[in-house]
$ cat coords16.txt   # compact mmCIF, C-alpha atoms (C1' of nucleotides)
# COMPACT_ATOMS: atom_id res chain seq x y z
CA MET A 26 93.12 80.56 80.12
CA THR A 27 93.84 77.36 78.18
CA GLU A 28 93.30 73.87 79.49
CA LYS A 29 97.03 73.21 79.87
CA GLN A 30 97.48 76.49 81.68
CA GLU A 31 95.01 75.35 84.33
CA LYS A 32 96.70 71.96 84.53
CA ILE A 33 99.97 73.72 85.29
CA LEU A 34 98.43 75.93 87.98
CA GLN A 35 96.74 72.95 89.60
CA ALA A 36 99.92 70.87 89.62
CA ALA A 37 101.99 73.75 90.92
CA LEU A 38 99.50 74.44 93.70
CA GLN A 39 99.59 70.85 94.89
CA LEU A 40 103.38 70.61 94.79
CA PHE A 41 104.06 74.02 96.30
CA ALA A 42 101.63 73.27 99.12
CA LYS A 43 103.09 69.85 99.82
CA GLU A 44 106.83 70.34 99.29
CA GLY A 45 107.20 74.09 99.41
CA TYR A 46 108.05 76.61 96.74
CA HIS A 47 111.83 76.29 96.70
CA ALA A 48 111.77 72.52 97.02
CA THR A 49 109.56 72.16 93.95
CA SER A 50 111.29 72.27 90.56
CA THR A 51 109.63 73.44 87.39
CA SER A 52 110.39 70.09 85.81
CA LYS A 53 108.36 68.36 88.54
CA VAL A 54 105.47 70.72 87.92
CA ALA A 55 105.63 70.07 84.18
CA LYS A 56 105.71 66.33 84.65
CA LYS A 57 102.76 66.38 87.06
CA ALA A 58 100.79 68.66 84.76
CA GLY A 59 101.59 66.50 81.74
CA VAL A 60 103.07 69.31 79.67
CA SER A 61 106.50 70.30 78.45
CA GLU A 62 108.60 72.31 80.85
CA GLY A 63 108.97 75.14 78.35
CA LEU A 64 105.23 75.78 78.41
CA ILE A 65 105.44 76.94 82.00
CA PHE A 66 107.78 79.73 80.99
CA ARG A 67 105.77 80.59 77.89
CA HIS A 68 102.68 81.21 79.98
CA PHE A 69 104.07 82.48 83.27
CA GLY A 70 107.44 83.95 82.35
CA ASN A 71 109.37 82.37 85.18
CA LYS A 72 108.88 80.29 88.29
CA GLU A 73 108.00 83.31 90.39
CA GLY A 74 105.36 84.30 87.84
CA LEU A 75 103.78 80.90 88.27
CA LEU A 76 103.68 81.41 92.02
CA GLN A 77 102.24 84.90 91.62
CA ALA A 78 99.41 83.56 89.47
CA ILE A 79 98.46 81.21 92.28
CA LEU A 80 98.81 83.94 94.88
CA ASP A 81 96.57 86.29 92.93
CA GLU A 82 93.78 83.73 92.96
CA GLY A 83 94.39 83.34 96.68
CA GLU A 84 93.87 87.00 97.32
CA LYS A 85 90.58 86.81 95.47
CA LYS A 86 89.33 83.83 97.46
CA PHE A 87 90.31 85.40 100.76
CA LYS A 88 88.52 88.63 99.93
CA GLU A 89 85.36 86.65 99.22
CA LEU A 90 85.54 85.10 102.67
CA VAL A 91 86.09 88.45 104.36
CA VAL A 92 83.36 90.24 102.43
CA ASN A 93 80.87 87.70 103.72
CA ILE A 94 81.82 88.70 107.26
CA VAL A 95 82.13 92.43 106.78
CA MET A 96 78.68 92.57 105.18
CA GLU A 97 77.08 91.09 108.29
CA SER A 98 75.22 93.76 110.21
CA ASP A 99 74.66 91.91 113.47
CA PRO A 100 77.80 92.27 115.64
CA LYS A 101 77.38 88.81 117.10
CA GLY A 102 77.05 87.48 113.58
CA VAL A 103 80.39 89.05 112.65
CA ILE A 104 82.12 87.36 115.58
CA GLN A 105 80.40 84.04 114.97
CA LYS A 106 81.30 83.96 111.30
CA THR A 107 84.89 84.84 112.11
CA ILE A 108 85.22 82.06 114.65
CA GLU A 109 83.64 79.57 112.28
CA MET A 110 85.91 80.55 109.41
CA PRO A 111 88.53 77.81 109.90
CA VAL A 112 86.06 74.94 110.25
CA ASN A 113 84.10 76.14 107.24
CA ILE A 114 86.92 76.02 104.74
CA ASP A 115 86.30 73.54 101.96
CA LYS A 116 88.51 70.48 102.17
CA ALA A 117 89.04 70.72 98.43
CA ASP A 118 90.73 74.04 99.13
CA TYR A 119 93.12 72.70 101.79
CA ASP A 120 96.16 72.72 99.51
CA PHE A 121 95.32 76.21 98.58
CA TRP A 122 95.17 77.63 102.09
CA LYS A 123 98.07 75.55 103.22
CA LEU A 124 100.18 77.21 100.58
CA GLN A 125 99.11 80.63 101.78
CA PHE A 126 100.20 79.84 105.34
CA LYS A 127 103.40 78.22 104.14
CA LEU A 128 104.39 81.20 102.05
CA LYS A 129 103.84 83.59 104.92
CA TRP A 130 106.99 82.02 106.36
CA GLU A 131 108.87 80.93 103.27
CA LEU A 132 108.66 84.30 101.54
CA GLU A 133 108.05 86.54 104.54
CA VAL A 134 104.75 87.92 103.27
CA SER A 135 103.32 89.94 106.13
CA GLY A 136 99.61 89.31 105.52
CA ASP A 137 98.75 92.14 107.90
CA LYS A 138 97.17 94.32 105.22
CA LYS A 139 94.84 91.58 104.07
CA MET A 140 93.53 91.24 107.61
CA GLU A 141 92.77 94.93 108.02
CA PRO A 142 89.16 94.90 106.80
CA LEU A 143 88.42 91.93 109.02
CA HIS A 144 90.09 93.65 111.94
CA MET A 145 87.97 96.74 111.44
CA ALA A 146 84.75 94.75 111.17
CA LEU A 147 85.58 92.90 114.37
CA THR A 148 86.54 96.09 116.16
CA ASN A 149 83.18 97.61 115.28
CA ALA A 150 81.38 94.48 116.37
CA PHE A 151 83.09 94.43 119.76
CA ARG A 152 82.43 98.13 120.19
CA LYS A 153 78.74 97.66 119.56
CA LEU A 154 78.72 94.92 122.16
CA ASN A 155 80.31 97.33 124.66
CA TYR A 156 83.60 95.51 125.06
CA GLN A 157 86.11 97.71 126.85
CA HIS A 158 88.96 97.18 124.39
CA PRO A 159 87.43 96.47 121.00
CA GLU A 160 90.66 96.82 118.98
CA LEU A 161 92.55 94.46 121.22
CA GLU A 162 89.66 92.01 121.25
CA ALA A 163 89.73 92.07 117.46
CA SER A 164 93.47 91.42 117.33
CA LEU A 165 93.11 88.61 119.81
CA LEU A 166 90.34 86.90 117.89
CA ILE A 167 92.29 87.14 114.62
CA LEU A 168 95.24 85.60 116.40
CA PHE A 169 93.00 82.72 117.48
CA ILE A 170 91.50 82.01 114.10
CA ASP A 171 94.96 82.24 112.54
CA GLY A 172 96.17 79.68 115.05
CA ILE A 173 93.19 77.42 114.54
CA GLY A 174 93.65 77.70 110.80
CA SER A 175 97.29 76.73 111.13
CA ALA A 176 96.42 73.77 113.31
CA THR A 177 93.74 72.59 110.90
CA LEU A 178 95.94 72.78 107.81
CA LYS A 179 98.95 71.28 109.51
CA GLY A 180 96.89 68.31 110.62
CA SER A 181 97.48 69.05 114.29
CA SER A 182 96.06 66.79 116.95
CA LEU A 183 94.15 69.79 118.25
CA ASN A 184 90.40 69.26 118.38
CA VAL A 185 89.41 72.12 116.14
CA ASN A 186 85.65 71.61 116.30
CA GLU A 187 85.63 71.49 120.07
CA LEU A 188 87.76 74.60 120.29
CA THR A 189 85.48 76.41 117.89
CA GLN A 190 82.40 75.57 119.97
CA PHE A 191 84.26 76.64 123.08
CA LEU A 192 85.08 80.00 121.53
CA LEU A 193 81.52 80.53 120.36
CA HIS A 194 80.30 80.10 123.91
CA LYS A 195 83.09 82.19 125.38
CA TYR A 196 82.08 85.10 123.18
CA GLN A 197 78.39 84.34 123.87
CA VAL A 198 77.40 84.43 120.24
CA ILE A 199 75.53 81.12 120.34
CA MET B 24 133.10 71.04 119.22
CA THR B 25 135.79 72.90 117.27
CA GLU B 26 135.76 76.62 116.57
CA LYS B 27 134.99 76.12 112.87
CA GLN B 28 132.20 73.73 113.74
CA GLU B 29 130.49 76.45 115.72
CA LYS B 30 131.09 78.95 112.94
CA ILE B 31 129.28 76.63 110.57
CA LEU B 32 126.33 76.15 112.94
CA GLN B 33 126.04 79.89 113.49
CA ALA B 34 126.16 80.69 109.76
CA ALA B 35 123.68 77.95 108.94
CA LEU B 36 121.29 79.15 111.64
CA GLN B 37 121.30 82.70 110.30
CA LEU B 38 120.85 81.65 106.68
CA PHE B 39 118.24 78.96 107.34
CA ALA B 40 116.25 81.42 109.45
CA LYS B 41 116.44 84.19 106.88
CA GLU B 42 116.15 82.35 103.55
CA GLY B 43 114.78 79.00 104.57
CA TYR B 44 116.34 75.56 104.59
CA HIS B 45 115.84 74.61 100.95
CA ALA B 46 116.75 78.06 99.65
CA THR B 47 120.10 77.98 101.45
CA SER B 48 122.93 76.11 99.73
CA THR B 49 125.79 74.47 101.57
CA SER B 50 128.21 76.62 99.59
CA LYS B 51 126.55 79.77 100.96
CA VAL B 52 126.85 78.41 104.48
CA ALA B 53 130.53 77.62 103.94
CA LYS B 54 131.26 81.05 102.52
CA LYS B 55 129.49 82.80 105.39
CA ALA B 56 131.25 80.62 107.95
CA GLY B 57 134.60 81.18 106.27
CA VAL B 58 135.38 77.51 105.83
CA SER B 59 135.62 75.10 102.95
CA GLU B 60 132.40 73.50 101.83
CA GLY B 61 133.78 70.03 102.40
CA LEU B 62 134.16 70.70 106.10
CA ILE B 63 130.40 70.87 106.51
CA PHE B 64 130.09 67.30 105.28
CA ARG B 65 133.06 66.14 107.30
CA HIS B 66 131.41 67.33 110.51
CA PHE B 67 127.71 66.91 109.86
CA GLY B 68 127.56 64.21 107.21
CA ASN B 69 125.07 65.96 104.97
CA LYS B 70 122.90 69.04 104.79
CA GLU B 71 120.14 67.43 106.81
CA GLY B 72 122.64 66.52 109.52
CA LEU B 73 123.57 70.17 109.76
CA LEU B 74 119.93 71.08 110.22
CA GLN B 75 119.44 68.38 112.81
CA ALA B 76 122.35 69.69 114.86
CA ILE B 77 120.64 73.07 115.00
CA LEU B 78 117.29 71.50 115.79
CA ASP B 79 118.72 69.47 118.64
CA GLU B 80 119.98 72.62 120.30
CA GLY B 81 116.54 74.12 119.74
CA GLU B 82 114.81 71.31 121.56
CA LYS B 83 117.12 71.90 124.52
CA LYS B 84 116.42 75.62 124.66
CA PHE B 85 112.68 75.08 124.44
CA LYS B 86 112.68 72.55 127.23
CA GLU B 87 114.47 75.04 129.47
CA LEU B 88 111.71 77.56 128.84
CA VAL B 89 108.97 75.06 129.58
CA VAL B 90 110.61 73.70 132.72
CA ASN B 91 110.61 77.19 134.16
CA ILE B 92 106.83 77.28 133.75
CA VAL B 93 106.02 73.73 134.79
CA MET B 94 108.00 74.15 138.01
CA GLU B 95 105.84 77.08 139.06
CA SER B 96 103.45 76.01 141.82
CA ASP B 97 101.10 78.99 141.80
CA PRO B 98 98.46 78.42 139.06
CA LYS B 99 98.26 82.13 138.29
CA GLY B 100 102.04 82.13 137.98
CA VAL B 101 101.88 79.35 135.40
CA ILE B 102 99.42 81.31 133.30
CA GLN B 103 101.33 84.56 133.69
CA LYS B 104 104.64 83.04 132.69
CA THR B 105 103.05 81.40 129.70
CA ILE B 106 101.50 84.62 128.49
CA GLU B 107 104.77 86.49 128.98
CA MET B 108 106.80 83.86 127.15
CA PRO B 109 106.81 85.56 123.74
CA VAL B 110 107.80 89.00 125.01
CA ASN B 111 110.54 87.53 127.13
CA ILE B 112 112.47 85.82 124.38
CA ASP B 113 115.99 87.17 123.98
CA LYS B 114 116.45 89.21 120.81
CA ALA B 115 119.77 87.48 120.28
CA ASP B 116 117.77 84.27 119.89
CA TYR B 117 115.37 85.64 117.29
CA ASP B 118 117.00 83.82 114.35
CA PHE B 119 116.84 80.71 116.38
CA TRP B 120 113.14 80.80 117.14
CA LYS B 121 112.30 82.07 113.70
CA LEU B 122 113.87 78.95 112.26
CA GLN B 123 111.78 76.76 114.54
CA PHE B 124 108.58 78.39 113.34
CA LYS B 125 109.71 78.32 109.72
CA LEU B 126 110.52 74.64 109.82
CA LYS B 127 107.15 73.78 111.28
CA TRP B 128 105.81 74.68 107.84
CA GLU B 129 108.75 73.89 105.57
CA LEU B 130 109.31 70.39 106.91
CA GLU B 131 105.90 69.72 108.46
CA VAL B 132 107.24 69.14 111.96
CA SER B 133 104.15 68.91 114.10
CA GLY B 134 105.51 70.39 117.34
CA ASP B 135 102.49 69.07 119.18
CA LYS B 136 104.50 66.69 121.34
CA LYS B 137 106.84 69.41 122.53
CA MET B 138 103.86 71.39 123.77
CA GLU B 139 102.40 68.53 125.77
CA PRO B 140 104.10 69.29 129.12
CA LEU B 141 103.12 72.92 128.82
CA HIS B 142 99.57 71.92 127.97
CA MET B 143 99.36 69.72 131.04
CA ALA B 144 100.76 72.41 133.33
CA LEU B 145 98.24 74.90 132.00
CA THR B 146 95.37 72.45 132.28
CA ASN B 147 96.22 71.88 135.94
CA ALA B 148 96.49 75.60 136.54
CA PHE B 149 93.10 76.30 135.02
CA ARG B 150 91.56 73.42 136.95
CA LYS B 151 92.90 74.78 140.22
CA LEU B 152 91.37 78.12 139.35
CA ASN B 153 88.01 76.41 138.80
CA TYR B 154 87.73 77.12 135.09
CA GLN B 155 84.92 75.03 133.58
CA HIS B 156 86.97 73.71 130.65
CA PRO B 157 90.62 73.59 131.73
CA GLU B 158 91.89 71.55 128.77
CA LEU B 159 90.27 73.81 126.23
CA GLU B 160 91.52 76.89 128.05
CA ALA B 161 95.01 75.44 127.91
CA SER B 162 94.76 74.74 124.19
CA LEU B 163 93.45 78.22 123.58
CA LEU B 164 96.27 79.87 125.50
CA ILE B 165 98.89 77.84 123.68
CA LEU B 166 97.28 78.89 120.43
CA PHE B 167 97.63 82.46 121.58
CA ILE B 168 101.29 82.35 122.52
CA ASP B 169 102.02 80.54 119.27
CA GLY B 170 100.27 83.32 117.39
CA ILE B 171 102.01 86.07 119.35
CA GLY B 172 105.32 84.34 118.82
CA SER B 173 104.69 84.17 115.08
CA ALA B 174 103.74 87.83 114.96
CA THR B 175 106.80 88.88 116.93
CA LEU B 176 109.27 86.90 114.83
CA LYS B 177 107.67 87.86 111.54
CA GLY B 178 107.90 91.53 112.46
CA SER B 179 104.15 92.00 112.34
CA SER B 180 102.64 95.41 113.00
CA LEU B 181 100.74 93.86 115.90
CA ASN B 182 101.35 95.55 119.23
CA VAL B 183 102.65 92.56 121.11
CA ASN B 184 103.25 94.24 124.45
CA GLU B 185 99.79 95.74 124.56
CA LEU B 186 98.20 92.42 123.69
CA THR B 187 100.22 90.67 126.37
CA GLN B 188 99.07 93.14 129.02
CA PHE B 189 95.53 92.76 127.77
CA LEU B 190 95.64 89.02 128.22
CA LEU B 191 97.22 89.23 131.65
CA HIS B 192 94.25 91.28 132.77
CA LYS B 193 91.76 89.08 130.96
CA TYR B 194 93.02 86.07 132.87
CA GLN B 195 93.22 88.15 136.06
CA VAL B 196 96.75 87.08 136.86
CA ILE B 197 98.05 90.62 137.44
C1' DG C 15 92.46 78.29 52.09
C1' DA C 16 96.27 81.42 52.80
C1' DT C 17 98.29 84.12 56.64
C1' DG C 18 99.63 85.52 60.95
C1' DA C 19 99.27 84.79 65.81
C1' DT C 20 99.07 81.72 69.56
C1' DT C 21 100.05 77.34 71.82
C1' DG C 22 103.05 73.71 72.40
C1' DT C 23 107.32 70.76 72.23
C1' DG C 24 111.95 68.85 73.09
C1' DA C 25 116.54 69.42 73.05
C1' DG C 26 119.42 72.36 74.44
C1' DT C 27 122.07 76.02 77.95
C1' DA C 28 125.23 77.65 81.84
C1' DA C 29 124.96 77.73 86.59
C1' DT C 30 124.32 75.72 90.80
C1' DC C 31 123.20 71.77 93.71
C1' DA C 32 124.66 68.34 97.47
C1' DC C 33 128.35 65.68 98.04
C1' DT C 34 133.20 63.10 97.35
C1' DT C 35 138.01 62.49 97.14
C1' DG C 36 143.04 63.01 97.65
C1' DC C 37 146.13 65.10 100.29
C1' DA C 38 148.27 68.22 103.64
C1' DA C 39 148.46 70.56 108.18
C1' DA C 40 147.67 70.10 112.94
C1' DA C 41 146.81 67.69 117.11
C1' DA C 42 146.76 63.94 120.01
C1' DT C 43 148.83 59.72 121.50
C1' DA C 44 152.61 56.63 121.98
C1' DT D 20 160.14 61.90 118.39
C1' DA D 21 157.54 58.71 115.63
C1' DT D 22 152.82 57.43 114.57
C1' DT D 23 148.17 57.68 114.32
C1' DT D 24 143.99 60.44 114.28
C1' DT D 25 141.61 64.39 113.52
C1' DT D 26 140.77 68.62 111.14
C1' DG D 27 140.81 71.12 107.10
C1' DC D 28 141.11 72.53 102.13
C1' DA D 29 140.83 72.65 96.99
C1' DA D 30 139.34 70.64 93.20
C1' DG D 31 136.71 67.90 91.62
C1' DT D 32 131.90 64.68 90.68
C1' DG D 33 127.28 63.74 88.26
C1' DA D 34 122.77 65.39 88.85
C1' DT D 35 119.56 68.95 88.84
C1' DT D 36 118.33 73.75 88.51
C1' DA D 37 115.71 77.64 86.11
C1' DC D 38 115.38 78.99 81.73
C1' DT D 39 116.01 79.51 76.25
C1' DC D 40 115.32 78.63 71.55
C1' DA D 41 114.37 76.71 67.12
C1' DC D 42 110.71 74.72 65.27
C1' DA D 43 105.84 72.33 64.82
C1' DA D 44 101.02 72.10 65.46
C1' DT D 45 96.84 74.50 66.15
C1' DC D 46 94.10 78.31 65.93
C1' DA D 47 91.44 82.41 64.40
C1' DT D 48 90.64 85.90 60.80
C1' DC D 49 90.16 87.49 56.22

$ encode --input "coords16.txt" --output "structure tokens"
Amino acid sequence: MTEKQEKILQAALQLFAKEGYHATSTSKVAKKAGVSEGLIFRHFGNKEGLLQAILDEGEKKFKELVVNIVMESDPKGVIQKTIEMPVNIDKADYDFWKLQFKLKWELEVSGDKKMEPLHMALTNAFRKLNYQHPELEASLLILFIDGIGSATLKGSSLNVNELTQFLLHKYQVI
Amino acid sequence: MTEKQEKILQAALQLFAKEGYHATSTSKVAKKAGVSEGLIFRHFGNKEGLLQAILDEGEKKFKELVVNIVMESDPKGVIQKTIEMPVNIDKADYDFWKLQFKLKWELEVSGDKKMEPLHMALTNAFRKLNYQHPELEASLLILFIDGIGSATLKGSSLNVNELTQFLLHKYQVI
DNA sequence: GATGATTGTGAGTAATCACTTGCAAAAATA
DNA sequence: TATTTTTGCAAGTGATTACTCACAATCATC
């Protein structure tokens, strides 16, 4: 990966996250990255290839987050880490996660499969804690953290920290 | 409102909801509506005006939904109606609501203000039912219906009906 | 240091973009 | 019925789109 290649990825990430994929032209990306437009196509083939390169890195980052939760043996720890996921995301990575959420709508990427390991870990955790409907509890909690994540990245007026604390108490993991 | 004007709105709604606002060209809208492209600009000024016309109708429809909840006097009824909101949306209106959700990301429309009356109604309901943190409960529930709505419109594999029933029992409103 | 591969540029390309204009048909008003 | 207003179309407009290509500069390998 050359230096200019990374410049392109970084510029594309920022623009895609801010303006959206379709609203961002390759010429804008090139200008922001400080390279010629042709270089984008030399390295990434086409505009979609550029997006895919960003998405691939996204998949990697997300898996890292999930692994940290799945590895947790204490069921309460699993739930706590899940709830704290949105508030723990690095602000330097905001653009990155924003793009992921944006693309779920812009390109109709389901995202269900990626959540499966997390869903299973949560289901097990709730089962160990003798919840009556562990699968549903898992789905519900994922729905919540997805919503809190959305609110955080969209700059909603929602008090995310307060809500997180509230959830931690509700699930009695703290 | 002429017949062709409605044809344009209907075509634009379908295309914007499916492909997104930026990915849909005015020529595609015209072709789908069976009118000349110029007519779009005659009636709506520009592409954004066309979108705004759709959005205005959306605001109206949403307010109707919320009024039905806010008017409810029984606190449990307020919560029940809120939870059942996503499963009760008319399938004929799917494109419509999908566009609303899509635009929240594509154009960064906050949507917080629109939720305020609903949030207040829920807060009051939870207070009447002696919940310790009525505001937070309201925020949480709105987060949930937003998430369920997203899942429904995105065609997620999530079992929406089951989750709705689960919540109705969790909140003891049924 | 010659050679071949990789990295990079800048000026192209046709197609499509949102939008305009001139003019006719239709409708409303007188 | 004459006149004005509205509705509609077809053929444009310049700008921008994603993308290509010929050609340099830089690089690694022998």

$ residues_around --input "coords16.txt" --residues "Phe149 in chain B" --least-positions-apart "4" --cutoff "12 Å" --atoms "all atoms listed in the file" --output "ChimeraX atom specification"
/B:97-103,142-145,153-164,194-196

$ interface_residues --input "coords16.txt" --of "chain C" --to "chain B" --cutoff "8 Å" --atoms "only C-alpha atoms (C1' of nucleotides)" --output "ChimeraX atom specification"
/C:31-33

$ closest_atom_pairs --input "coords16.txt" --of "chain C" --to "range 30-43 of chain D" --cutoff "9 Å" --atoms "all atoms listed in the file" --output "tab-separated table"
residue	atom	partner	partner_atom	distance
C:DG22	C1'	D:DA43	C1'	8.2
C:DT23	C1'	D:DA43	C1'	7.7
C:DG26	C1'	D:DC40	C1'	8.0
C:DT27	C1'	D:DT39	C1'	7.2
C:DA29	C1'	D:DT36	C1'	8.0
C:DT30	C1'	D:DT36	C1'	6.7
C:DC31	C1'	D:DT35	C1'	6.7
C:DC33	C1'	D:DT32	C1'	8.2
C:DT34	C1'	D:DT32	C1'	7.0
C:DT35	C1'	D:DG31	C1'	7.8

$ atom_distance --input "coords16.txt" --atom1 "CA of Lys85 in chain A" --atom2 "CA of Leu178 in chain A"
19.4 Å

$ atom_distance --input "coords16.txt" --atom1 "CA of Leu78 in chain B" --atom2 "CA of His66 in chain B"
15.6 Å

$ residues_around --input "coords16.txt" --residues "DA44 in chain C" --least-positions-apart "6" --cutoff "9 Å" --atoms "all atoms listed in the file" --output "count of residues only"
3

$ interface_residues --input "coords16.txt" --of "chain B" --to "chain D" --cutoff "12 Å" --atoms "only C-alpha atoms (C1' of nucleotides)" --output "ChimeraX atom specification"
/B:24-28,53,57-66

$ atom_distance --input "coords16.txt" --atom1 "CA of Lys86 in chain B" --atom2 "CA of Ala148 in chain B"
18.9 Å

$ interface_residues --input "coords16.txt" --of "chain A" --to "chain B" --cutoff "9 Å" --atoms "all atoms listed in the file" --output "MDAnalysis selection string"
chainID A and resid 44:45 47:48 126:137 158 161:162 164:165 168:169 171:173 176 179:183 187:188 191:192

$ closest_residue --input "coords16.txt" --among "A:Asp120, A:Glu31, A:Glu97, A:Glu141" --to "Leu75 in chain A" --atoms "only C-alpha atoms"
A:Glu31
